[in-house]
Structure formats: C-alpha cells, structure tokens
Amino acid sequence: MAKKQAKQITMETDVLILGAGAAGCLAAIGAREKGAKVLIVDKGSVISCGCTGAGQDHFGAQLNTGPDWDTDEAATRYYSSPGWGVSKSLVEKSFSKEAYSMVKRLEDWGVQFFKKPDGSYYRAPGLGQPEWFLMMKNGVDLKKILAKSVLDAGAQEVEQIVVTRLLKANGSVAGAMGFHRRSGVFYLFRAKSTVLALGAHQSRWSTNSTRMPYNIWQYPWNTGSQVVLPYEMGAKVKNVELSVTTTLPKGFGTPGVNAFAGMGAHFLNAKGERFMRKYHPLGERAPRGAIIWAEIQELGEGKGPLFLDCRHLPKKELEHLVKNMLPVDKHTFNDWLDQRNVDLKKGLLEVEIGEFSGGGNLHVDMNMESVNVKGLFGLPFSGMLSTAMTGGLVAGREAAASASKRDGLPDIDMDQVNKGKEQTFLPFQVADGYSSKAYEDKIRQVMAYYMGNKRSVKGMNMALGSLEVLAKHIHELKAGNIHELMQANETKHLLTYCQLMIRAVLMRKGMKGFYTVVDYPPKMDKELRTKYVLLWQEDGVPIMTYEPID
C-alpha cells in the first residue's frame, strides 16, 4: 500500500455507539426509542460481530413466577454481591427491572425459547445461579435477529471501523476517530453523546494449552479498547482486576463446558473420583470461580488430568446438550468430538483450565454516564448476554436523554485530531520494526508467567517492569498493509490494558476464585471487597484510588 495521506470522512450524530455486539445493538435501539439520531460503529459487521456473533444458547433472567429465587430482588442480591463489582442501585436499574421485558422483546423479534408442555419456559441452573437460564431454540441466529432490529429501529451503521481514540472538548466527550480496516479511510465521528460498548471480555493477553490466541473461549478481537479508550482521555475506569477463566475441552476454545455442568455432567479427576462436592455444596453447579478453584487444587495434588463425564445423563438430556447447546457455543463442536473420537455416551471428555478473560468498565453514575467526563456513557457491568443487553438498552436511553439537552455538537480540537491521526498511521512509517504478532507474543509470555492462577506481588512488579521495557519499543510496531495497521493499533491497546490490569490487581491485594495473590490470606479483606479500584490519569499522570461500591 502506498504510504500517502489517508482520505478523511467526517460524520455527525446525536448518539455515537462504539461497538455493535449485543450491548451496542441494544444501546442503539434504546437511543432510537428516545428519538435520537444514532450511529453505530464496529470493526466488524453488526450481523456477526461481538461475543454473540456465532450465536447463544441461553438467556439469563428472573421471571417473577412466585418462588423467592425467581424475583427481581433475588437477582439484585446476586449481582450486587462483591464479586461482580457493581452497586445494588445500578444492578436494579441496568438489569433487574429490565430482564423480564427483555425476554419479551426477544420473542417479539423472533427468538424462540424451549418451553414445557404447559407453556412455561424450559429453564436450567448454572454458574451457582438458580434456574434463571432460558434455553434458546434458534440462538444460532441471535445476532442476525439483533442486527435486523437495530436497522429496523432506524440506526445508521458504519462497519469495518477500527476506533483508535476518543475526542474530548471542555471536559466532555466530543466523538471518536478511527479508520476503515479495508480501505484505510480515516473517519472522524462527531456526537453529542457517546456510548462505549466495545466488549467486556479482554482476552488476547492470555492463552490456553494450544498457545494460540485466537483459539480461546472468548471473542479474540477484544484487546482492551473498552478500558483503554476512556482511560487515555482521563475518564475513570473500574473492575480491571476482575479477570476470569473457565473450563475448556482440552485444546478447544469454546464456552460450552458451562452447558455440560448445567445439564448435570460430572467432573472427574485422573483417579475417576467425582471431586466437586469436596469444594462446594452445589457440586458441578457451583459458581465458575469455585469450579476453577477446585480444579487448581486437584491438579496441584497431582490428580490431573481432569475429565467431564456425561455417561449417566438421560438420553433426552444428552441429546439436547449435543444437538441444541454445544453447536451454538461453537458450530464445529461436534465435528471436533468426532475427530477426537469422543463419544459422550460412552467415554470421557478431557478438560483444562483455559485462558483468562480480563474485565473492566467505565465508572458511571446512576445515569450510566462517566463520573468525570460528560457525554460518555457505558455499562456498569456485563459478564453475560442478559446483563449486556439490558445494560446497553439503559445506557442508550440515558445517552439519548443527555444528547437532547445539548444545543449542538461539541467543538473539535483539530490539533488533537491531527495528533491522533499521526499516531494511528505511524506503523506505516516504520520500515524495520516489530510485527504485531511478535510483539503480542512477548506480552503473552510475560502475562502467562506472572499473571496466571497464582500470582505474587514480586512477580507482578517484575511483570510491570517487563511491560515497561516493551512499552519503550511500541513506536517500532510496523505495518505493511491496512490489516497489519489494525493489528498494530490493537496491540497498543493490549499493552496499556495489561499494564492497567496488573496495577489494579496489586491495588486490590488478592482475589479468591479465579486467581489468588499468594502474599495475602485466602479470603480478601471484607472492607476492600466493598470498594472499587479506580484508575484514571490527569495530564498523563496515572492515578489509582478506592471508592465505596454502594
């Protein structure tokens, strides 16, 4: 590609939605329902991008059918527990009050749920939660259904845009910039309000036993932009330390093992012992963190490898698992089982602890707006499809309400734009430098060694030192074409995200479940569990502090 000045296109809107996954789609719909002009932007296509791009087999929601566990209050208690890092009031607003109506929305749009002969929903427990999970018949088409709903609502979509920077004017967000990853055209987006919906799971800093960063259980294109973009413009971010992992089929990156546990499969160690009851009263239906903790203990005692056992499942349950659930998590799941010569009716499935998926959210007030940058909106938490969709809907509504109170578009500082544009296209000017793959491999090497299931303060400080050395060479990332330019900009965000994560974990002083910090007692200090770790910067100076969650 000729290294010439990129063509520039400027677009204006009331509400700019960054990210067209499930949360972004609902944010666009929520804003349109409030009468706002909406522009939704993603580096993929709205019909297939995001964690739900390949489909979804369940939707978690309480339905208020009568039992105490099936109430809005029960859901609020669960999701406002310390491990989720979100206040009770925000859980109520962004999820509990919207969950049941979201089920009805989905049905109106064409999503079909499995139902019992009496017409009630077929529901299953999982991840330590009650029977909140409604199983989808046509979940493989979910993203197509959401995409159609977005376009039917009248939102305008711009696909294939890599967003590289947010724009700020007089303490408020003024829009964003990026480039088209096919044509290289530079885009400048001006907006009254901006919603961040770029993905809650930052995954490419960690790998599983395959050592392949794209064979993972989460969406591999998330490289921390949801956290890095607001942080770089001075907005406060939180929950960056709340990284999670899951159990995978050995060497096959997919979230499907949760479906196994929900259907009643057993975890076995190498001795053939069913071990989960030793660690949690719910056994295999314990929260994901408890399952990971148990697996770490079994492996540490030399009782690996570990397996899933489905041989006891009734024929109907196993058939539902194999035909309706696993192919949604990954379309090639059954093909892979066939190639591995695994018959779930007769044999065991070897599993492993997979790669980590990092967290992080914009720190928002009750209007879903950044606490210190006006006009910037986001979700208070995510973690699964239902909270992403309800949170996105509410954030979109609030962004539209804010936009309606503004007389015009914020001014744009063209010096800021030109500087950002120069940094975006800098890799084109590097002739002898590092490829994104080589650079990211170094990041993953550091993170895998120091940021695994067991971490130490000394090790994490050494990791920060290693990443700082890498940061000195970030300007040496090279790109020979537009695709490599996209990767180089992703890599920049990935590096910053990993640095922020390590600092947040050090500030948090330990986490029980998905990882532990060996310098601290197994149970984290109760006072710290009721506080956010906040990170932001002022004039380029990093700042961290605690703030009460409620």
# chains A, B, ... in the order shown; residues from 1 in each chain; ligands from 1
>>> residues_around(residues="Glu468 (chain A)", least_positions_apart="2", cutoff="12 Å", atoms="only C-alpha atoms", output="JSON, numbers by chain")
{"A": [442, 443, 446, 461, 462, 463, 464, 465, 466, 470, 471, 472, 473, 474, 495, 496, 498, 499, 500, 502]}
>>> residues_around(residues="Gly510 (chain A)", least_positions_apart="2", cutoff="9 Å", atoms="only C-alpha atoms", output="PyMOL selection string")
chain A and resi 455+505-508+512+515-525
>>> write_last_selection(atoms="all heavy atoms", output="short mmCIF file (atom, residue, chain, number, x, y, z; two decimals), in the first residue's frame")
data_model
loop_
_atom_site.label_atom_id
_atom_site.label_comp_id
_atom_site.auth_asym_id
_atom_site.auth_seq_id
_atom_site.Cartn_x
_atom_site.Cartn_y
_atom_site.Cartn_z
N ARG A 455 -0.51 -15.72 41.75
CA ARG A 455 0.32 -14.57 41.46
C ARG A 455 0.99 -14.09 42.75
O ARG A 455 0.50 -14.34 43.84
CB ARG A 455 -0.51 -13.44 40.86
CG ARG A 455 -1.36 -13.89 39.68
CD ARG A 455 -2.39 -12.85 39.25
NE ARG A 455 -3.23 -13.38 38.17
CZ ARG A 455 -4.20 -12.70 37.59
NH1 ARG A 455 -4.47 -11.47 37.99
NH2 ARG A 455 -4.90 -13.24 36.61
N VAL A 505 -4.69 -5.19 40.11
CA VAL A 505 -4.59 -6.39 40.95
C VAL A 505 -3.71 -6.11 42.16
O VAL A 505 -4.02 -6.52 43.29
CB VAL A 505 -4.04 -7.58 40.14
CG1 VAL A 505 -3.80 -8.78 41.05
CG2 VAL A 505 -5.00 -7.97 39.02
N LEU A 506 -2.60 -5.40 41.96
CA LEU A 506 -1.74 -5.03 43.09
C LEU A 506 -2.50 -4.16 44.08
O LEU A 506 -2.35 -4.31 45.30
CB LEU A 506 -0.50 -4.29 42.58
CG LEU A 506 0.56 -5.16 41.90
CD1 LEU A 506 1.58 -4.28 41.16
CD2 LEU A 506 1.26 -6.06 42.90
N MET A 507 -3.32 -3.27 43.59
CA MET A 507 -4.11 -2.40 44.46
C MET A 507 -5.17 -3.19 45.22
O MET A 507 -5.44 -2.94 46.40
CB MET A 507 -4.77 -1.31 43.61
CG MET A 507 -5.49 -0.23 44.39
SD MET A 507 -4.36 1.02 45.01
CE MET A 507 -5.53 2.26 45.56
N ARG A 508 -5.77 -4.17 44.55
CA ARG A 508 -6.85 -4.96 45.15
C ARG A 508 -6.35 -5.85 46.28
O ARG A 508 -7.08 -6.18 47.22
CB ARG A 508 -7.52 -5.81 44.06
CG ARG A 508 -8.57 -6.80 44.55
CD ARG A 508 -9.72 -6.13 45.25
NE ARG A 508 -10.59 -5.39 44.34
CZ ARG A 508 -11.59 -4.62 44.75
NH1 ARG A 508 -11.80 -4.45 46.05
NH2 ARG A 508 -12.33 -3.97 43.88
N LYS A 512 -10.06 -14.24 45.54
CA LYS A 512 -10.29 -15.67 45.69
C LYS A 512 -11.24 -16.13 44.59
O LYS A 512 -12.24 -15.50 44.32
CB LYS A 512 -10.90 -16.00 47.05
CG LYS A 512 -11.10 -17.49 47.26
CD LYS A 512 -11.65 -17.80 48.63
CE LYS A 512 -11.84 -19.31 48.78
NZ LYS A 512 -12.39 -19.66 50.10
N TYR A 515 -8.28 -16.38 40.56
CA TYR A 515 -6.84 -16.32 40.81
C TYR A 515 -6.63 -15.93 42.27
O TYR A 515 -7.53 -15.41 42.93
CB TYR A 515 -6.13 -15.34 39.87
CG TYR A 515 -6.50 -13.89 40.08
CD1 TYR A 515 -5.90 -13.12 41.09
CD2 TYR A 515 -7.43 -13.26 39.26
CE1 TYR A 515 -6.23 -11.79 41.28
CE2 TYR A 515 -7.76 -11.92 39.44
CZ TYR A 515 -7.15 -11.19 40.45
OH TYR A 515 -7.49 -9.87 40.63
N THR A 516 -5.44 -16.17 42.76
CA THR A 516 -5.09 -15.75 44.12
C THR A 516 -3.75 -15.01 44.07
O THR A 516 -2.93 -15.25 43.19
CB THR A 516 -4.95 -16.95 45.07
OG1 THR A 516 -3.95 -17.84 44.56
CG2 THR A 516 -6.26 -17.69 45.20
N VAL A 517 -3.58 -14.11 45.02
CA VAL A 517 -2.29 -13.47 45.23
C VAL A 517 -1.71 -14.08 46.50
O VAL A 517 -2.27 -13.93 47.59
CB VAL A 517 -2.44 -11.94 45.37
CG1 VAL A 517 -1.08 -11.29 45.64
CG2 VAL A 517 -3.06 -11.35 44.10
N VAL A 518 -0.62 -14.80 46.37
CA VAL A 518 -0.13 -15.66 47.45
C VAL A 518 0.38 -14.87 48.65
O VAL A 518 0.54 -15.44 49.74
CB VAL A 518 0.98 -16.60 46.94
CG1 VAL A 518 0.42 -17.52 45.86
CG2 VAL A 518 2.18 -15.81 46.41
N ASP A 519 0.63 -13.59 48.49
CA ASP A 519 1.13 -12.77 49.59
C ASP A 519 0.05 -12.45 50.62
O ASP A 519 0.36 -11.96 51.71
CB ASP A 519 1.69 -11.45 49.06
CG ASP A 519 2.75 -11.65 48.00
OD1 ASP A 519 2.38 -11.98 46.86
OD2 ASP A 519 3.94 -11.50 48.32
N TYR A 520 -1.21 -12.69 50.29
CA TYR A 520 -2.32 -12.30 51.16
C TYR A 520 -3.12 -13.52 51.58
O TYR A 520 -3.08 -14.57 50.93
CB TYR A 520 -3.22 -11.29 50.44
CG TYR A 520 -2.47 -10.06 50.00
CD1 TYR A 520 -2.18 -9.84 48.66
CD2 TYR A 520 -2.01 -9.13 50.93
CE1 TYR A 520 -1.48 -8.72 48.25
CE2 TYR A 520 -1.31 -8.00 50.53
CZ TYR A 520 -1.04 -7.81 49.19
OH TYR A 520 -0.34 -6.71 48.80
N PRO A 521 -3.88 -13.41 52.68
CA PRO A 521 -4.72 -14.53 53.13
C PRO A 521 -5.69 -14.95 52.04
O PRO A 521 -6.04 -14.16 51.16
CB PRO A 521 -5.46 -13.96 54.34
CG PRO A 521 -4.61 -12.82 54.81
CD PRO A 521 -3.98 -12.24 53.57
N PRO A 522 -6.14 -16.22 52.09
CA PRO A 522 -7.05 -16.71 51.05
C PRO A 522 -8.31 -15.87 50.89
O PRO A 522 -8.80 -15.70 49.79
CB PRO A 522 -7.39 -18.12 51.54
CG PRO A 522 -6.24 -18.53 52.37
CD PRO A 522 -5.76 -17.28 53.04
N LYS A 523 -8.84 -15.34 51.99
CA LYS A 523 -10.05 -14.52 51.90
C LYS A 523 -9.65 -13.04 51.90
O LYS A 523 -9.00 -12.57 52.82
CB LYS A 523 -11.00 -14.82 53.05
CG LYS A 523 -11.62 -16.21 52.95
CD LYS A 523 -12.71 -16.41 53.99
CE LYS A 523 -13.38 -17.77 53.82
NZ LYS A 523 -14.46 -17.99 54.80
N MET A 524 -10.08 -12.35 50.87
CA MET A 524 -9.76 -10.94 50.75
C MET A 524 -10.39 -10.15 51.89
O MET A 524 -11.46 -10.49 52.38
CB MET A 524 -10.28 -10.42 49.41
CG MET A 524 -9.70 -9.07 49.02
SD MET A 524 -10.57 -8.30 47.65
CE MET A 524 -11.11 -9.69 46.71
N ASP A 525 -9.73 -9.09 52.28
CA ASP A 525 -10.24 -8.21 53.32
C ASP A 525 -11.66 -7.75 52.97
O ASP A 525 -11.92 -7.26 51.88
CB ASP A 525 -9.31 -6.99 53.44
CG ASP A 525 -9.73 -6.08 54.57
OD1 ASP A 525 -10.54 -5.18 54.32
OD2 ASP A 525 -9.24 -6.27 55.70
#
>>> select_by_dssp(residues="region 313-355 of chain A", states="strand (DSSP E or B)", output="number ranges by chain")
A: 348-353
>>> residues_around(residues="region 137-142 of chain A", least_positions_apart="3", cutoff="12 Å", atoms="only C-alpha atoms", output="VMD selection string")
chain A and resid 21 to 22 25 46 to 59 106 to 107 109 to 115 121 to 122 134 145 to 149 320 to 321 323 to 331 385
>>> closest_residue(among="A:Met544, A:Ala448, A:Val342, A:Ala395", to="Leu16 (chain A)", atoms="only C-alpha atoms")
A:Ala395
>>> residues_around(residues="Ser436 (chain A)", least_positions_apart="3", cutoff="10 Å", atoms="only C-alpha atoms", output="PyMOL selection string")
chain A and resi 433+439-442+474+476-479+484-492
>>> decode(residues="region 364-471 of chain A", atoms="C-alpha atoms", output="tab-separated table (two decimals), in the first residue's frame")
chain	number	residue	atom	x	y	z
A	364	VAL	CA	-20.57	5.53	35.75
A	365	ASP	CA	-23.19	7.27	37.85
A	366	MET	CA	-26.88	6.39	38.10
A	367	ASN	CA	-27.45	7.88	34.64
A	368	MET	CA	-24.88	5.45	33.18
A	369	GLU	CA	-22.64	8.46	32.47
A	370	SER	CA	-18.95	8.74	33.29
A	371	VAL	CA	-18.50	10.29	36.71
A	372	ASN	CA	-15.87	12.73	35.42
A	373	VAL	CA	-16.28	13.04	31.62
A	374	LYS	CA	-19.65	14.36	30.50
A	375	GLY	CA	-21.36	12.83	27.49
A	376	LEU	CA	-19.57	9.47	27.82
A	377	PHE	CA	-21.81	6.53	28.71
A	378	GLY	CA	-21.25	2.85	29.42
A	379	LEU	CA	-22.47	-0.31	31.14
A	380	PRO	CA	-21.82	-0.65	34.88
A	381	PHE	CA	-21.04	-4.35	34.43
A	382	SER	CA	-21.51	-7.15	31.96
A	383	GLY	CA	-20.29	-10.71	32.10
A	384	MET	CA	-23.12	-12.38	30.22
A	385	LEU	CA	-25.59	-11.77	27.41
A	386	SER	CA	-28.56	-10.67	29.50
A	387	THR	CA	-26.71	-8.03	31.56
A	388	ALA	CA	-25.04	-6.74	28.39
A	389	MET	CA	-28.36	-6.34	26.59
A	390	THR	CA	-30.29	-4.75	29.44
A	391	GLY	CA	-27.36	-2.53	30.38
A	392	GLY	CA	-26.89	-1.47	26.77
A	393	LEU	CA	-30.57	-0.59	26.44
A	394	VAL	CA	-30.50	1.62	29.54
A	395	ALA	CA	-27.19	3.26	28.56
A	396	GLY	CA	-28.61	4.08	25.13
A	397	ARG	CA	-31.69	5.67	26.65
A	398	GLU	CA	-29.63	7.81	29.02
A	399	ALA	CA	-27.22	8.85	26.25
A	400	ALA	CA	-30.18	9.98	24.13
A	401	ALA	CA	-31.66	11.92	27.04
A	402	SER	CA	-28.34	13.70	27.57
A	403	ALA	CA	-27.95	14.46	23.86
A	404	SER	CA	-31.40	16.03	23.73
A	405	LYS	CA	-30.29	18.64	26.28
A	406	ARG	CA	-27.32	19.80	24.19
A	407	ASP	CA	-27.79	22.68	21.78
A	408	GLY	CA	-25.21	21.49	19.29
A	409	LEU	CA	-22.21	19.28	18.70
A	410	PRO	CA	-19.14	19.88	20.89
A	411	ASP	CA	-16.24	21.65	19.23
A	412	ILE	CA	-13.44	19.53	17.86
A	413	ASP	CA	-9.80	20.40	18.53
A	414	MET	CA	-8.19	19.71	15.15
A	415	ASP	CA	-4.72	19.67	16.71
A	416	GLN	CA	-5.95	16.78	18.85
A	417	VAL	CA	-7.34	15.08	15.75
A	418	ASN	CA	-4.16	15.52	13.74
A	419	LYS	CA	-2.01	14.20	16.57
A	420	GLY	CA	-4.26	11.16	16.96
A	421	LYS	CA	-4.27	10.57	13.23
A	422	GLU	CA	-0.48	10.70	13.12
A	423	GLN	CA	-0.23	8.11	15.91
A	424	THR	CA	-2.84	5.89	14.25
A	425	PHE	CA	-0.94	5.67	10.96
A	426	LEU	CA	2.58	5.72	12.44
A	427	PRO	CA	3.19	1.97	11.83
A	428	PHE	CA	3.09	2.69	8.08
A	429	GLN	CA	6.22	4.81	8.53
A	430	VAL	CA	8.22	2.05	10.27
A	431	ALA	CA	10.34	0.07	7.84
A	432	ASP	CA	12.40	-2.05	10.21
A	433	GLY	CA	10.40	-2.81	13.33
A	434	TYR	CA	8.30	-5.40	15.12
A	435	SER	CA	5.26	-7.21	13.78
A	436	SER	CA	2.18	-7.17	15.99
A	437	LYS	CA	2.34	-10.95	16.33
A	438	ALA	CA	5.93	-10.89	17.60
A	439	TYR	CA	5.18	-8.00	19.98
A	440	GLU	CA	1.96	-9.57	21.34
A	441	ASP	CA	3.72	-12.89	21.84
A	442	LYS	CA	6.10	-11.09	24.18
A	443	ILE	CA	3.15	-9.60	26.08
A	444	ARG	CA	1.53	-13.03	26.42
A	445	GLN	CA	4.82	-14.55	27.54
A	446	VAL	CA	5.02	-12.03	30.39
A	447	MET	CA	1.36	-12.37	31.34
A	448	ALA	CA	1.36	-16.18	31.25
A	449	TYR	CA	4.38	-16.39	33.53
A	450	TYR	CA	3.39	-13.79	36.13
A	451	MET	CA	-0.40	-13.43	35.83
A	452	GLY	CA	-1.69	-16.99	36.00
A	453	ASN	CA	-3.92	-18.67	38.58
A	454	LYS	CA	-1.43	-17.93	41.36
A	455	ARG	CA	0.32	-14.57	41.46
A	456	SER	CA	2.76	-12.80	43.77
A	457	VAL	CA	3.42	-9.14	44.44
A	458	LYS	CA	7.06	-9.52	43.45
A	459	GLY	CA	6.14	-11.33	40.26
A	460	MET	CA	3.56	-8.73	39.25
A	461	ASN	CA	6.03	-5.91	39.82
A	462	MET	CA	8.50	-7.79	37.63
A	463	ALA	CA	5.77	-8.13	35.00
A	464	LEU	CA	5.21	-4.37	35.10
A	465	GLY	CA	8.94	-3.88	34.60
A	466	SER	CA	8.97	-6.21	31.60
A	467	LEU	CA	5.97	-4.48	30.04
A	468	GLU	CA	7.62	-1.11	30.59
A	469	VAL	CA	10.59	-2.31	28.56
A	470	LEU	CA	8.20	-3.37	25.80
A	471	ALA	CA	6.45	0.00	26.00
